[in-house]
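> Supplied in structure tokens, the structure appears directly below.
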Amino acid sequence: MTEKKIRHYLRFKDFSLPDYDYVLERARILKRKFKSYETYHPLHDRTLAMIFEKNSTRTRLSFEAGIFQLGGHAVFLSTRDTQLGRGEPIEDAAQVVSRMVDIIMIRTFGQHIIQRFAENSRVPVINGLTNEYHPCQVLADVFTYYELRGPIAGKTVAWVGDANNMLYTWIEAAQILGFKLRLSTPPGYTLDHSLVSPDSAPFYEEFADPNDACTGTDLVTTDVWTSMGFEAENEVRKKAFADWRVGSDMMARAHPDALFMHCLPAHRGEEVSADVIDGPQSVVWDEAENRLHVQKALMEYLLLGKLNH
């Protein structure tokens, strides 16, 4: 009997297009079950360990509620409260934790941390966020588009703002799912091309003017100007990003039925104006809720493979 290969979800590119076709449809089914109060416990008696080095609202709540809704249980671990915070090697921690639970989610700083953890884990590991990538959030965003507008393949997405973990993940998503990404970042805050595969070049285009990036797009998305870990740069960033606020004039350049997304938390009057994030094109609350449903589909898939019910 051959041992089942462990699959991890550390970057968006870890899944293929057929994987995403399945997971997105599975998320739709699980959301329908949730909305109809249908009890569904395929992960009965399974335990999720959630390891947090970075604070969170949506990541913790969506994973904890998600595993519970699937019949499992979550254990919250902060590095402040565990031996990881006292210098235990990542490799040792991975060996120990993965012998006691069925699946692990980590929200941490460098991508190398979660990579080393996964290499020593006996169970699937999910990236809840790193400095470089945020695959669960982009998966929720893609599902939100799929749910409201249909497949994202062949569409055009605009990214306005910082070259952060969200943008690098959107670039990977564009290549795998077959859409075009138009991005605009302020001078001094542009892409680190070492984090971008050369193969993805045909799927994204850089614009100096964010208004040009938004012209004719189907989805406009942004994020805070100052990500976690860069708070000391906040005032400098406010000046540098002043022309990269998504306002109604910028949204008007997109298609009339274009959606606006933001992974939250948002700062109205900074990266987005109130009339946009609270306006009719904004789907940020659907987007936030959908973290729950795509992560349920993700955990189910990593632990059970493809199901037909």
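Identifiers in the structure tokens: chain A, B, ... in order shown; residue index from 1 per chain; ligand index from 1 in order shown.
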Counting only C-alpha atoms, what are the residues of stretch 156-233 of chain A within 9 Å of stretch 271-285 of chain A, and for each of them which pair of atoms is the nearest and at what distance in Å, to one decimal? Sort the table by chain and rising number, as a Markdown table.


```
| residue | atom | partner | partner_atom | distance |
| --- | --- | --- | --- | --- |
| A:Val160 | CA | A:Glu271 | CA | 8.6 |
| A:Gly161 | CA | A:Glu271 | CA | 7.4 |
| A:Thr222 | CA | A:Glu271 | CA | 7.2 |
| A:Asp223 | CA | A:Glu271 | CA | 6.8 |
| A:Val224 | CA | A:Glu271 | CA | 5.9 |
| A:Trp225 | CA | A:Glu271 | CA | 6.3 |
```

> List the neighbours of A:Ile104 out to 8 Å using only C-alpha atoms; skip same-chain residues closer than 2 positions along the sequence, and give me the result as a ChimeraX atom specification.

/A:48-51,98,101-102,106,123-126

> Only C-alpha atoms, please: the residues just picked out, written as a PDB file, in the first residue's frame.


```
ATOM      1  CA  LEU A  48      -6.989  21.975  12.906  1.00  0.00           C
ATOM      2  CA  ALA A  49      -4.033  23.696  14.584  1.00  0.00           C
ATOM      3  CA  MET A  50      -3.962  27.447  13.923  1.00  0.00           C
ATOM      4  CA  ILE A  51      -0.549  29.004  14.545  1.00  0.00           C
ATOM      5  CA  SER A  98       1.764  17.494  12.996  1.00  0.00           C
ATOM      6  CA  VAL A 101      -3.492  17.232  14.608  1.00  0.00           C
ATOM      7  CA  ASP A 102      -4.816  16.529  11.123  1.00  0.00           C
ATOM      8  CA  ILE A 106      -0.009  29.210   9.858  1.00  0.00           C
ATOM      9  CA  VAL A 123      -0.127  16.687   7.630  1.00  0.00           C
ATOM     10  CA  PRO A 124      -1.269  19.396   5.189  1.00  0.00           C
ATOM     11  CA  VAL A 125      -0.158  22.954   5.929  1.00  0.00           C
ATOM     12  CA  ILE A 126      -2.104  26.030   4.764  1.00  0.00           C
TER      13      ILE A 126
END
```

> Restricting the calculation to only C-alpha atoms: of A:Pro151, A:Pro198, A:Pro42, A:Gly110, which residue gets closest to A:Glu132?

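Among the listed residues, the smallest separation from A:Glu132 belongs to A:Gly110.
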
> From the set A:Met251, A:Ala118, A:Ala173, A:Leu10, which residue has the shortest atom-to-atom contact distance to A:Asp218, counting only C-alpha atoms?

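Closest candidate: A:Met251.
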
> Please run DSSP on the backbone and report, as a ChimeraX atom specification, all residues within stretch 7-245 of chain A that come out as alpha helix (DSSP H).

/A:17-35,58-69,90-98,111-119,135-149,165-177,210-214,234-240

> Could you dump the residues just selected with C-alpha atoms as a short mmCIF file (atom, residue, chain, number, x, y, z; two decimals), in the first residue's frame?


```cif
data_model
loop_
_atom_site.label_atom_id
_atom_site.label_comp_id
_atom_site.auth_asym_id
_atom_site.auth_seq_id
_atom_site.Cartn_x
_atom_site.Cartn_y
_atom_site.Cartn_z
CA LEU A 17 -6.56 24.91 -12.89
CA PRO A 18 -8.50 21.63 -12.44
CA ASP A 19 -7.87 21.86 -8.69
CA TYR A 20 -9.35 25.36 -8.64
CA ASP A 21 -12.30 24.37 -10.80
CA TYR A 22 -13.12 21.74 -8.21
CA VAL A 23 -12.47 23.86 -5.09
CA LEU A 24 -14.49 26.84 -6.36
CA GLU A 25 -17.47 24.66 -7.18
CA ARG A 26 -17.06 22.89 -3.85
CA ALA A 27 -17.09 26.27 -2.06
CA ARG A 28 -20.37 27.06 -3.81
CA ILE A 29 -21.88 23.79 -2.59
CA LEU A 30 -20.63 24.27 0.98
CA LYS A 31 -21.94 27.84 1.06
CA ARG A 32 -25.36 26.60 -0.08
CA LYS A 33 -25.35 23.99 2.69
CA PHE A 34 -24.44 26.71 5.21
CA LYS A 35 -27.21 29.04 4.03
CA ARG A 58 -10.96 37.20 9.39
CA THR A 59 -8.34 34.45 9.15
CA ARG A 60 -8.88 33.15 12.66
CA LEU A 61 -12.65 33.41 12.62
CA SER A 62 -13.09 31.85 9.17
CA PHE A 63 -10.80 28.89 9.85
CA GLU A 64 -12.13 28.28 13.36
CA ALA A 65 -15.79 28.52 12.34
CA GLY A 66 -15.07 26.60 9.13
CA ILE A 67 -13.55 23.51 10.74
CA PHE A 68 -16.34 23.52 13.32
CA GLN A 69 -19.02 23.65 10.60
CA ILE A 90 10.61 25.31 13.30
CA GLU A 91 11.49 21.80 12.14
CA ASP A 92 11.01 20.38 15.64
CA ALA A 93 7.73 22.22 16.16
CA ALA A 94 6.43 20.91 12.84
CA GLN A 95 7.26 17.34 13.79
CA VAL A 96 5.48 17.65 17.14
CA VAL A 97 2.38 19.61 16.09
CA SER A 98 1.76 17.49 13.00
CA GLN A 111 7.46 32.57 3.45
CA HIS A 112 10.59 30.57 4.31
CA ILE A 113 9.13 29.90 7.78
CA ILE A 114 6.01 28.20 6.49
CA GLN A 115 8.04 26.39 3.82
CA ARG A 116 10.36 24.89 6.44
CA PHE A 117 7.38 23.96 8.60
CA ALA A 118 5.63 22.19 5.72
CA GLU A 119 8.79 20.28 4.77
CA PRO A 135 -3.42 32.64 -1.23
CA CYS A 136 -6.53 32.09 0.92
CA GLN A 137 -7.61 35.71 0.47
CA VAL A 138 -7.18 35.71 -3.30
CA LEU A 139 -9.01 32.37 -3.45
CA ALA A 140 -11.94 34.04 -1.64
CA ASP A 141 -11.77 37.01 -4.02
CA VAL A 142 -11.80 34.79 -7.10
CA PHE A 143 -14.72 32.82 -5.67
CA THR A 144 -16.61 36.05 -5.01
CA TYR A 145 -16.16 37.05 -8.65
CA TYR A 146 -17.15 33.56 -9.80
CA GLU A 147 -20.27 33.69 -7.63
CA LEU A 148 -21.41 37.12 -8.84
CA ARG A 149 -20.12 37.34 -12.42
CA ASN A 165 1.54 39.80 -0.62
CA MET A 166 -1.87 40.27 -2.23
CA LEU A 167 -0.42 41.56 -5.48
CA TYR A 168 2.12 38.75 -5.76
CA THR A 169 -0.68 36.27 -5.23
CA TRP A 170 -2.91 37.96 -7.81
CA ILE A 171 -0.10 37.58 -10.35
CA GLU A 172 0.09 33.83 -9.69
CA ALA A 173 -3.70 33.60 -9.94
CA ALA A 174 -3.74 35.42 -13.29
CA GLN A 175 -1.35 32.91 -14.80
CA ILE A 176 -3.20 29.84 -13.50
CA LEU A 177 -6.77 31.01 -14.06
CA PRO A 210 -3.60 54.05 -11.65
CA ASN A 211 -6.42 55.57 -13.72
CA ASP A 212 -5.02 53.90 -16.82
CA ALA A 213 -4.75 50.59 -14.95
CA CYS A 214 -8.48 50.71 -14.11
CA ASN A 234 2.91 55.00 7.68
CA GLU A 235 3.29 58.79 7.31
CA VAL A 236 5.79 58.48 4.45
CA ARG A 237 3.51 56.03 2.68
CA LYS A 238 0.48 58.32 3.02
CA LYS A 239 2.30 60.94 0.93
CA ALA A 240 3.69 58.48 -1.60
#
```

> From the options A:Asn127, A:Glu53, A:Val220, A:His44, which residue's atoms come nearest to A:Gln295, counting only C-alpha atoms?

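Of all the options, A:Asn127 lies closest to A:Gln295.
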
> Rounded to one decimal, what separation in Å do you get between atom CA of A:Asn131 and atom CA of A:Arg107?

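A separation of 9.4 Å between them.
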
> Can you list, as a PDB file with C-alpha atoms, in the first residue's frame, every residue of stretch 80-224 of chain A that DSSP puts in strand (DSSP E)?


```pdb
ATOM      1  CA  ILE A 103      -4.183  19.865   9.388  1.00  0.00           C
ATOM      2  CA  ILE A 104      -2.306  23.083  10.203  1.00  0.00           C
ATOM      3  CA  MET A 105      -2.830  26.727   9.263  1.00  0.00           C
ATOM      4  CA  ILE A 106      -0.009  29.210   9.858  1.00  0.00           C
ATOM      5  CA  ARG A 107      -0.088  33.012   9.707  1.00  0.00           C
ATOM      6  CA  VAL A 125      -0.158  22.954   5.929  1.00  0.00           C
ATOM      7  CA  ILE A 126      -2.104  26.030   4.764  1.00  0.00           C
ATOM      8  CA  ASN A 127      -0.703  29.534   4.385  1.00  0.00           C
ATOM      9  CA  GLY A 128      -2.983  31.891   6.338  1.00  0.00           C
ATOM     10  CA  LEU A 129      -0.730  34.810   5.333  1.00  0.00           C
ATOM     11  CA  THR A 156      -9.329  41.989 -16.571  1.00  0.00           C
ATOM     12  CA  VAL A 157      -8.465  42.811 -12.963  1.00  0.00           C
ATOM     13  CA  ALA A 158      -6.895  46.062 -11.754  1.00  0.00           C
ATOM     14  CA  TRP A 159      -4.647  46.228  -8.695  1.00  0.00           C
ATOM     15  CA  VAL A 160      -4.076  49.720  -7.292  1.00  0.00           C
ATOM     16  CA  LYS A 180      -5.234  39.715 -17.259  1.00  0.00           C
ATOM     17  CA  LEU A 181      -3.916  41.754 -14.334  1.00  0.00           C
ATOM     18  CA  ARG A 182      -3.271  45.477 -14.723  1.00  0.00           C
ATOM     19  CA  LEU A 183      -1.327  46.889 -11.804  1.00  0.00           C
ATOM     20  CA  SER A 184      -0.253  50.326 -10.667  1.00  0.00           C
ATOM     21  CA  TYR A 204       0.170  41.199 -16.060  1.00  0.00           C
ATOM     22  CA  GLU A 205       0.963  44.748 -17.170  1.00  0.00           C
ATOM     23  CA  GLU A 206       2.347  47.632 -15.111  1.00  0.00           C
ATOM     24  CA  LEU A 219     -12.689  44.122 -11.126  1.00  0.00           C
ATOM     25  CA  VAL A 220     -10.794  46.784  -9.184  1.00  0.00           C
ATOM     26  CA  THR A 221      -9.058  45.747  -5.998  1.00  0.00           C
ATOM     27  CA  THR A 222      -6.741  47.328  -3.462  1.00  0.00           C
TER      28      THR A 222
END
```

> Quick check, in Å to one decimal: how far apart do atom CA of A:Arg11 and atom CA of A:Arg86 lie?

27.4 Å

> Counting only C-alpha atoms, figure out which residue out of A:Asn308, A:Ser121, A:Ser200, A:Ser78 gets nearest to A:Asn55.

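With only C-alpha atoms as the atom set, the closest residue is A:Ser78.
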